[in-house]
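A short worksheet on the structure shown next.
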Amino acid sequence: MLYLLPDLTVLDIIGADAVQILNNLCTADLKLLPSGGGVETFVTEVRGRTLGHGCLYSAPDRLRIIGAGDQAETLSAHIDRYTIREDAQPEDVSEAFCKILISGKDADRLAQRWGLSPGSPPHLSVTAGPQSVADLMVYQVPWTGPADWLCLAPAAVREALLAELAELEMGEADALDFHAHRIAAGFPWYGVDLDHTNLPQEADRNDAAISFTKGCYLGQETVARLDALGQVQKKLVRWQVQTTAPIAAGTALTQDGKNVGKITSTVTLDDHTLALGYARRSHFDAGSHAECDGAAAIVLP
């Protein structure tokens with residue numbers, strides 16, 4: 001499936017000290033990240049709260065953060081705040097690119113045609129696209145599956161990129177369909193499923209996005225303490241709700257009159273609703289039951 005996704009954050013951090021600065025501000029271990037590789041990460045503040053979430057990629061002359069839209073201003077200010085004499089300048093290049101995501105079986109077809117290979121987990125790959133599309137880069141992202149491919153090309157060559165992809169006769173869908181598949185895959189979207197009030201472990205992306213062995217970084221004490229305690233008090237899970245009526249973000253999940261979670265994003269299917277939402281510790285396990293606006297809800301594996 002082919003998705004046009006204009007509302008993404010693309011933030012470059014340029015300078016000789018970019019890796020040093022970002023490694024001090026995020027949960028992934030960037031010192032283990034090879035040039036031309038990527039990794040999912042959270043950007044944290046001093047209390048361990050999440051200021052941003054996305055995939056961070058290394059190139060010889062910069063780092064690049066790609067994720068949900070509207071993160072660039074906050075992340076740029078955060079990076080500037082903790083850059084004193086170091087050489088690291090954030091630059092919002094979100095509007096400079098055409099952004100096209102290829103997922104599902106079409107992602108496999110694209111990989112065969114362009115010679116794309118996923119990285120070794122938790123690392124993600126970055127590959128130059130065909131020469132027929134100038135300056136095209138293809139980033140592995142884990143948004144609807146382990147190896148979706150995000151094509152970033154200068155806006156000026158958008159038509160050339162679309163023509164190249166048209167040869168594969170892919171089905172095209174919109175952002176709403178993308179989010180439906182993202183919810184089905186259980187991938188959180190910053191500004192929708194998590195924000196600055198959440199701790200990284202609450203998003204349940206520990207293996208992919210958090211290093212518990214790297215050195216100090218901003219908020220590391222809180223993250224490490226939670227790891228030592230074994231569990232957070234709430235975390236993001238997939239819910240199946242037996243209704244097709246609209247469910248607003250923030251709707252409570254209850255059991256015996258007590259709140260046990262809340263909904264963050266939903267997609268309506270033929271006879272039920274699939275949702276992402278937080279669950280309290282009593283409802284972490286698959287098969288846990290609750291109610292959502294009077295409809296039965298169950299936690300999915």
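As shown in the structure tokens, the chain order sets the letters A, B, ...; within each chain, residues go from 1, and ligands are also counted from 1 in the order they appear.
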
Can you list, as a list in words, every protein, DNA or RNA residue that comes within 7 Å of stretch 83-100 of chain A when you count only C-alpha atoms, leaving out same-chain residues fewer than 5 positions away? Leu2, Tyr3, Leu4, Leu5, Pro6, Leu8, Thr9, Val10, Leu11, Asp12, Ile13, Ile14, Gly15, Ala16, Asp17, Ala18, Ile21, Ala72, Ser76, Leu150, Cys151, Leu152, Ala153, Pro154, Ala155 and Arg158 of chain A

Residues of stretch 12-98 of chain A that approach stretch 209-229 of chain A to 8 Å or less, counting only C-alpha atoms: could you list each one with the shortest pair of atoms and its distance in Å to one decimal, rows by chain and increasing residue number, as CSV?
residue,atom,partner,partner_atom,distance
A:Asn23,CA,A:Tyr217,CA,6.9
A:Asn24,CA,A:Tyr217,CA,4.3
A:Leu25,CA,A:Leu218,CA,5.2
A:Cys26,CA,A:Tyr217,CA,6.7
A:Thr27,CA,A:Ile210,CA,4.8
A:Ala28,CA,A:Ile210,CA,5.2
A:Asp29,CA,A:Lys214,CA,5.8
A:Val39,CA,A:Ala209,CA,7.0
A:Glu40,CA,A:Ala209,CA,4.8
A:Thr41,CA,A:Ala209,CA,4.5
A:Phe42,CA,A:Ala209,CA,6.7
A:Thr44,CA,A:Gly219,CA,5.9
A:Glu45,CA,A:Gly219,CA,5.6
A:Val46,CA,A:Gly219,CA,4.5
A:Arg47,CA,A:Gly219,CA,5.1
A:Gly48,CA,A:Gly219,CA,3.7
A:Arg49,CA,A:Gly219,CA,7.2

Among the residues A:Leu110, A:Val43, A:Val19, A:Ala163, the one that comes closest to A:Arg62 [using only C-alpha atoms]: A:Val19

A:Ala290 environment, 7 Å, only C-alpha atoms, sequence neighbours closer than 3 positions dropped, as a PyMOL selection string: chain A and resi 253-255+296-298

Can I get the selected residues back with N, CA, C and O atoms, as an mmCIF file, in the first residue's frame?
data_model
loop_
_atom_site.group_PDB
_atom_site.id
_atom_site.type_symbol
_atom_site.label_atom_id
_atom_site.label_comp_id
_atom_site.auth_asym_id
_atom_site.auth_seq_id
_atom_site.Cartn_x
_atom_site.Cartn_y
_atom_site.Cartn_z
ATOM 1 N N LEU A 253 -11.976 3.514 30.192
ATOM 2 C CA LEU A 253 -12.245 2.089 30.259
ATOM 3 C C LEU A 253 -12.445 1.753 31.728
ATOM 4 O O LEU A 253 -11.641 2.156 32.579
ATOM 5 N N THR A 254 -13.517 1.040 32.039
ATOM 6 C CA THR A 254 -13.861 0.796 33.438
ATOM 7 C C THR A 254 -14.131 -0.680 33.700
ATOM 8 O O THR A 254 -14.452 -1.441 32.779
ATOM 9 N N GLN A 255 -14.019 -1.062 34.949
ATOM 10 C CA GLN A 255 -14.436 -2.389 35.403
ATOM 11 C C GLN A 255 -14.987 -2.226 36.814
ATOM 12 O O GLN A 255 -14.303 -1.675 37.687
ATOM 13 N N ALA A 296 -18.462 -3.968 25.684
ATOM 14 C CA ALA A 296 -17.404 -4.849 26.184
ATOM 15 C C ALA A 296 -16.085 -4.558 25.473
ATOM 16 O O ALA A 296 -16.031 -4.343 24.263
ATOM 17 N N ALA A 297 -14.994 -4.547 26.242
ATOM 18 C CA ALA A 297 -13.647 -4.319 25.695
ATOM 19 C C ALA A 297 -12.718 -5.389 26.243
ATOM 20 O O ALA A 297 -12.852 -5.822 27.386
ATOM 21 N N ILE A 298 -11.766 -5.795 25.408
ATOM 22 C CA ILE A 298 -10.810 -6.820 25.809
ATOM 23 C C ILE A 298 -9.437 -6.433 25.306
ATOM 24 O O ILE A 298 -9.284 -5.865 24.221
#

Computed interatomic separation between atom CA of A:Gly186 and atom CA of A:Thr266 (Å): 10.9 Å

DSSP on the backbone, then: every residue of stretch 39-96 of chain A marked alpha helix (DSSP H), written as number ranges by chain. A: 72-81

Export all heavy atoms of the chosen residues as a PDB file, in the first residue's frame?
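Dumped to selection.pdb:
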ATOM      1  N   ALA A  72       9.000  19.333  15.576  1.00  0.00           N
ATOM      2  CA  ALA A  72      10.274  19.989  15.277  1.00  0.00           C
ATOM      3  C   ALA A  72      10.560  21.181  16.182  1.00  0.00           C
ATOM      4  O   ALA A  72      11.687  21.353  16.666  1.00  0.00           O
ATOM      5  CB  ALA A  72      10.306  20.423  13.805  1.00  0.00           C
ATOM      6  N   GLU A  73       9.566  22.009  16.439  1.00  0.00           N
ATOM      7  CA  GLU A  73       9.806  23.212  17.234  1.00  0.00           C
ATOM      8  C   GLU A  73      10.225  22.859  18.657  1.00  0.00           C
ATOM      9  O   GLU A  73      11.203  23.410  19.193  1.00  0.00           O
ATOM     10  CB  GLU A  73       8.552  24.085  17.251  1.00  0.00           C
ATOM     11  CG  GLU A  73       8.728  25.400  17.993  1.00  0.00           C
ATOM     12  CD  GLU A  73       7.503  26.298  17.913  1.00  0.00           C
ATOM     13  OE1 GLU A  73       6.546  25.959  17.186  1.00  0.00           O
ATOM     14  OE2 GLU A  73       7.519  27.344  18.594  1.00  0.00           O
ATOM     15  N   THR A  74       9.501  21.933  19.266  1.00  0.00           N
ATOM     16  CA  THR A  74       9.825  21.535  20.644  1.00  0.00           C
ATOM     17  C   THR A  74      11.192  20.879  20.722  1.00  0.00           C
ATOM     18  O   THR A  74      11.999  21.190  21.611  1.00  0.00           O
ATOM     19  CB  THR A  74       8.755  20.577  21.192  1.00  0.00           C
ATOM     20  OG1 THR A  74       7.496  21.254  21.234  1.00  0.00           O
ATOM     21  CG2 THR A  74       9.116  20.080  22.578  1.00  0.00           C
ATOM     22  N   LEU A  75      11.471  19.965  19.792  1.00  0.00           N
ATOM     23  CA  LEU A  75      12.754  19.264  19.829  1.00  0.00           C
ATOM     24  C   LEU A  75      13.915  20.211  19.538  1.00  0.00           C
ATOM     25  O   LEU A  75      14.981  20.103  20.157  1.00  0.00           O
ATOM     26  CB  LEU A  75      12.739  18.108  18.833  1.00  0.00           C
ATOM     27  CG  LEU A  75      11.795  16.952  19.180  1.00  0.00           C
ATOM     28  CD1 LEU A  75      11.830  15.884  18.095  1.00  0.00           C
ATOM     29  CD2 LEU A  75      12.140  16.346  20.530  1.00  0.00           C
ATOM     30  N   SER A  76      13.726  21.138  18.607  1.00  0.00           N
ATOM     31  CA  SER A  76      14.788  22.104  18.298  1.00  0.00           C
ATOM     32  C   SER A  76      15.132  22.942  19.525  1.00  0.00           C
ATOM     33  O   SER A  76      16.309  23.161  19.840  1.00  0.00           O
ATOM     34  CB  SER A  76      14.363  23.010  17.139  1.00  0.00           C
ATOM     35  OG  SER A  76      14.236  22.278  15.938  1.00  0.00           O
ATOM     36  N   ALA A  77      14.103  23.437  20.210  1.00  0.00           N
ATOM     37  CA  ALA A  77      14.333  24.247  21.414  1.00  0.00           C
ATOM     38  C   ALA A  77      15.031  23.434  22.490  1.00  0.00           C
ATOM     39  O   ALA A  77      15.922  23.944  23.206  1.00  0.00           O
ATOM     40  CB  ALA A  77      13.008  24.795  21.920  1.00  0.00           C
ATOM     41  N   HIS A  78      14.663  22.172  22.625  1.00  0.00           N
ATOM     42  CA  HIS A  78      15.265  21.297  23.632  1.00  0.00           C
ATOM     43  C   HIS A  78      16.736  21.054  23.317  1.00  0.00           C
ATOM     44  O   HIS A  78      17.600  21.126  24.215  1.00  0.00           O
ATOM     45  CB  HIS A  78      14.492  19.980  23.654  1.00  0.00           C
ATOM     46  CG  HIS A  78      14.877  19.039  24.751  1.00  0.00           C
ATOM     47  ND1 HIS A  78      14.821  19.366  26.090  1.00  0.00           N
ATOM     48  CD2 HIS A  78      15.323  17.743  24.699  1.00  0.00           C
ATOM     49  CE1 HIS A  78      15.207  18.335  26.815  1.00  0.00           C
ATOM     50  NE2 HIS A  78      15.519  17.352  25.997  1.00  0.00           N
ATOM     51  N   ILE A  79      17.037  20.786  22.063  1.00  0.00           N
ATOM     52  CA  ILE A  79      18.428  20.551  21.658  1.00  0.00           C
ATOM     53  C   ILE A  79      19.255  21.815  21.856  1.00  0.00           C
ATOM     54  O   ILE A  79      20.380  21.770  22.378  1.00  0.00           O
ATOM     55  CB  ILE A  79      18.480  20.070  20.193  1.00  0.00           C
ATOM     56  CG1 ILE A  79      17.844  18.679  20.073  1.00  0.00           C
ATOM     57  CG2 ILE A  79      19.920  20.043  19.677  1.00  0.00           C
ATOM     58  CD1 ILE A  79      17.525  18.270  18.660  1.00  0.00           C
ATOM     59  N   ASP A  80      18.719  22.958  21.458  1.00  0.00           N
ATOM     60  CA  ASP A  80      19.434  24.228  21.637  1.00  0.00           C
ATOM     61  C   ASP A  80      19.723  24.503  23.106  1.00  0.00           C
ATOM     62  O   ASP A  80      20.794  25.006  23.467  1.00  0.00           O
ATOM     63  CB  ASP A  80      18.609  25.384  21.053  1.00  0.00           C
ATOM     64  CG  ASP A  80      18.737  25.487  19.542  1.00  0.00           C
ATOM     65  OD1 ASP A  80      19.741  24.989  18.997  1.00  0.00           O
ATOM     66  OD2 ASP A  80      17.830  26.062  18.915  1.00  0.00           O
ATOM     67  N   ARG A  81      18.772  24.167  23.964  1.00  0.00           N
ATOM     68  CA  ARG A  81      18.934  24.440  25.395  1.00  0.00           C
ATOM     69  C   ARG A  81      20.131  23.713  25.976  1.00  0.00           C
ATOM     70  O   ARG A  81      20.819  24.232  26.863  1.00  0.00           O
ATOM     71  CB  ARG A  81      17.661  24.038  26.138  1.00  0.00           C
ATOM     72  CG  ARG A  81      17.730  24.268  27.636  1.00  0.00           C
ATOM     73  CD  ARG A  81      16.447  23.828  28.329  1.00  0.00           C
ATOM     74  NE  ARG A  81      16.504  24.057  29.769  1.00  0.00           N
ATOM     75  CZ  ARG A  81      15.552  23.672  30.613  1.00  0.00           C
ATOM     76  NH1 ARG A  81      14.472  23.062  30.164  1.00  0.00           N
ATOM     77  NH2 ARG A  81      15.685  23.915  31.899  1.00  0.00           N
TER      78      ARG A  81
END

Nearby residues (only C-alpha atoms) at most 9 Å from A:Ala203, same-chain spacing under 3 positions excluded, as a list in words: Phe187, Pro188, Asp193, Leu194, Asn198, Leu199, Pro200, Asn206, Lys234, Lys235, Leu236, Val237 and Tyr278 of chain A

Among stretch 66-97 of chain A, which ones does DSSP place in strand (DSSP E or B), written as an mmCIF file with all heavy atoms, in the first residue's frame?
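Result saved to selection-v1.cif:
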data_model
loop_
_atom_site.group_PDB
_atom_site.id
_atom_site.type_symbol
_atom_site.label_atom_id
_atom_site.label_comp_id
_atom_site.auth_asym_id
_atom_site.auth_seq_id
_atom_site.Cartn_x
_atom_site.Cartn_y
_atom_site.Cartn_z
ATOM 1 N N ILE A 66 12.845 11.381 12.261
ATOM 2 C CA ILE A 66 11.617 11.308 11.470
ATOM 3 C C ILE A 66 10.525 10.733 12.373
ATOM 4 O O ILE A 66 10.707 9.686 12.997
ATOM 5 C CB ILE A 66 11.790 10.423 10.224
ATOM 6 C CG1 ILE A 66 12.918 10.955 9.338
ATOM 7 C CG2 ILE A 66 10.486 10.334 9.437
ATOM 8 C CD1 ILE A 66 13.238 10.050 8.150
ATOM 9 N N GLY A 67 9.392 11.419 12.422
ATOM 10 C CA GLY A 67 8.299 10.933 13.252
ATOM 11 C C GLY A 67 7.019 11.692 13.008
ATOM 12 O O GLY A 67 6.871 12.388 11.991
ATOM 13 N N ALA A 68 6.084 11.562 13.922
ATOM 14 C CA ALA A 68 4.806 12.246 13.818
ATOM 15 C C ALA A 68 5.020 13.751 13.686
ATOM 16 O O ALA A 68 6.029 14.300 14.135
ATOM 17 C CB ALA A 68 3.953 11.944 15.045
ATOM 18 N N GLN A 89 23.470 21.883 15.409
ATOM 19 C CA GLN A 89 22.401 22.823 15.071
ATOM 20 C C GLN A 89 21.189 22.072 14.506
ATOM 21 O O GLN A 89 21.308 21.396 13.479
ATOM 22 C CB GLN A 89 22.863 23.860 14.043
ATOM 23 C CG GLN A 89 24.031 24.723 14.481
ATOM 24 C CD GLN A 89 25.361 24.076 14.189
ATOM 25 O OE1 GLN A 89 25.544 23.439 13.153
ATOM 26 N NE2 GLN A 89 26.317 24.234 15.095
ATOM 27 N N PRO A 90 20.034 22.165 15.166
ATOM 28 C CA PRO A 90 18.822 21.554 14.611
ATOM 29 C C PRO A 90 18.266 22.384 13.462
ATOM 30 O O PRO A 90 18.304 23.618 13.501
ATOM 31 C CB PRO A 90 17.866 21.539 15.804
ATOM 32 C CG PRO A 90 18.326 22.652 16.681
ATOM 33 C CD PRO A 90 19.806 22.763 16.496
ATOM 34 N N GLU A 91 17.751 21.699 12.459
ATOM 35 C CA GLU A 91 17.166 22.383 11.297
ATOM 36 C C GLU A 91 15.905 21.625 10.873
ATOM 37 O O GLU A 91 15.961 20.441 10.527
ATOM 38 C CB GLU A 91 18.162 22.426 10.136
ATOM 39 C CG GLU A 91 17.626 23.122 8.896
ATOM 40 C CD GLU A 91 18.622 23.134 7.752
ATOM 41 O OE1 GLU A 91 19.783 22.722 7.957
ATOM 42 O OE2 GLU A 91 18.235 23.543 6.639
ATOM 43 N N ASP A 92 14.781 22.308 10.907
ATOM 44 C CA ASP A 92 13.505 21.716 10.505
ATOM 45 C C ASP A 92 13.431 21.686 8.985
ATOM 46 O O ASP A 92 13.346 22.726 8.336
ATOM 47 C CB ASP A 92 12.349 22.536 11.079
ATOM 48 C CG ASP A 92 10.982 21.939 10.742
ATOM 49 O OD1 ASP A 92 10.929 20.846 10.154
ATOM 50 O OD2 ASP A 92 9.974 22.589 11.087
ATOM 51 N N PHE A 97 10.561 17.961 1.765
ATOM 52 C CA PHE A 97 10.509 16.630 1.175
ATOM 53 C C PHE A 97 9.100 16.194 0.806
ATOM 54 O O PHE A 97 8.118 16.544 1.474
ATOM 55 C CB PHE A 97 11.094 15.596 2.149
ATOM 56 C CG PHE A 97 12.548 15.761 2.405
ATOM 57 C CD1 PHE A 97 12.992 16.376 3.568
ATOM 58 C CD2 PHE A 97 13.491 15.323 1.490
ATOM 59 C CE1 PHE A 97 14.344 16.539 3.821
ATOM 60 C CE2 PHE A 97 14.843 15.483 1.729
ATOM 61 C CZ PHE A 97 15.268 16.098 2.898
#

List the neighbours of A:Leu116 out to 10 Å using only C-alpha atoms; skip same-chain residues closer than 3 positions along the sequence, and give me the result as a PDB file with C-alpha atoms, in the first residue's frame.
ATOM      1  CA  ALA A 107       6.871  -3.049   0.841  1.00  0.00           C
ATOM      2  CA  ASP A 108       8.201  -6.523   0.028  1.00  0.00           C
ATOM      3  CA  ARG A 109       7.870  -5.853  -3.710  1.00  0.00           C
ATOM      4  CA  LEU A 110       9.648  -2.522  -3.377  1.00  0.00           C
ATOM      5  CA  ALA A 111      12.455  -4.145  -1.397  1.00  0.00           C
ATOM      6  CA  GLN A 112      13.013  -6.708  -4.162  1.00  0.00           C
ATOM      7  CA  ARG A 113      12.959  -4.072  -6.919  1.00  0.00           C
ATOM      8  CA  GLY A 119      18.509  -3.636   9.621  1.00  0.00           C
ATOM      9  CA  SER A 125      18.296   0.642   7.568  1.00  0.00           C
ATOM     10  CA  VAL A 126      18.740   3.601   5.225  1.00  0.00           C
ATOM     11  CA  THR A 127      19.260   3.107   1.495  1.00  0.00           C
ATOM     12  CA  ALA A 128      19.694   5.444  -1.469  1.00  0.00           C
ATOM     13  CA  GLY A 129      16.885   5.094  -3.998  1.00  0.00           C
ATOM     14  CA  VAL A 138      14.542   5.191   1.647  1.00  0.00           C
ATOM     15  CA  TYR A 139      14.176   4.755   5.426  1.00  0.00           C
ATOM     16  CA  GLN A 140      13.018   1.604   7.179  1.00  0.00           C
ATOM     17  CA  ALA A 147       9.870  -3.153   7.537  1.00  0.00           C
ATOM     18  CA  TRP A 149       9.716   1.897   3.683  1.00  0.00           C
TER      19      TRP A 149
END

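Distances from A:Ser265, A:Gln20, A:Ser288, A:Ser120 to A:Tyr82 were compared using only C-alpha atoms, and the smallest one belongs to A:Gln20.
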
So that I can check the surroundings of stretch 131-134 of chain A, please list as a PyMOL selection string every protein, DNA and RNA residue that reaches within 7 Å of it, counting only C-alpha atoms and ignoring chain neighbours fewer than 5 positions away. chain A and resi 157+160-161

Do you have the atom CA of A:His123-atom CA of A:Gly37 distance handy? 6.6 Å

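Remark: for A:Val192, the closest of the candidate residues A:Pro60, A:Gly250, A:Pro301, A:Gly38 is A:Gly250 (distances computed over only C-alpha atoms).
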
A:Leu176 surroundings by only C-alpha atoms, 10 Å radius, close-in-sequence under 4 positions cut, as a list in words: Tyr3, Ala180, His181, Arg182 and Val267 of chain A

Using only C-alpha atoms, the shortest atom-to-atom distance to A:Gly257 among A:Glu291, A:Ser282, A:Asp271, A:Leu22 belongs to A:Glu291

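Take atom CA of A:Ala249 and atom CA of A:Thr264: the distance between them is 4.8 Å.
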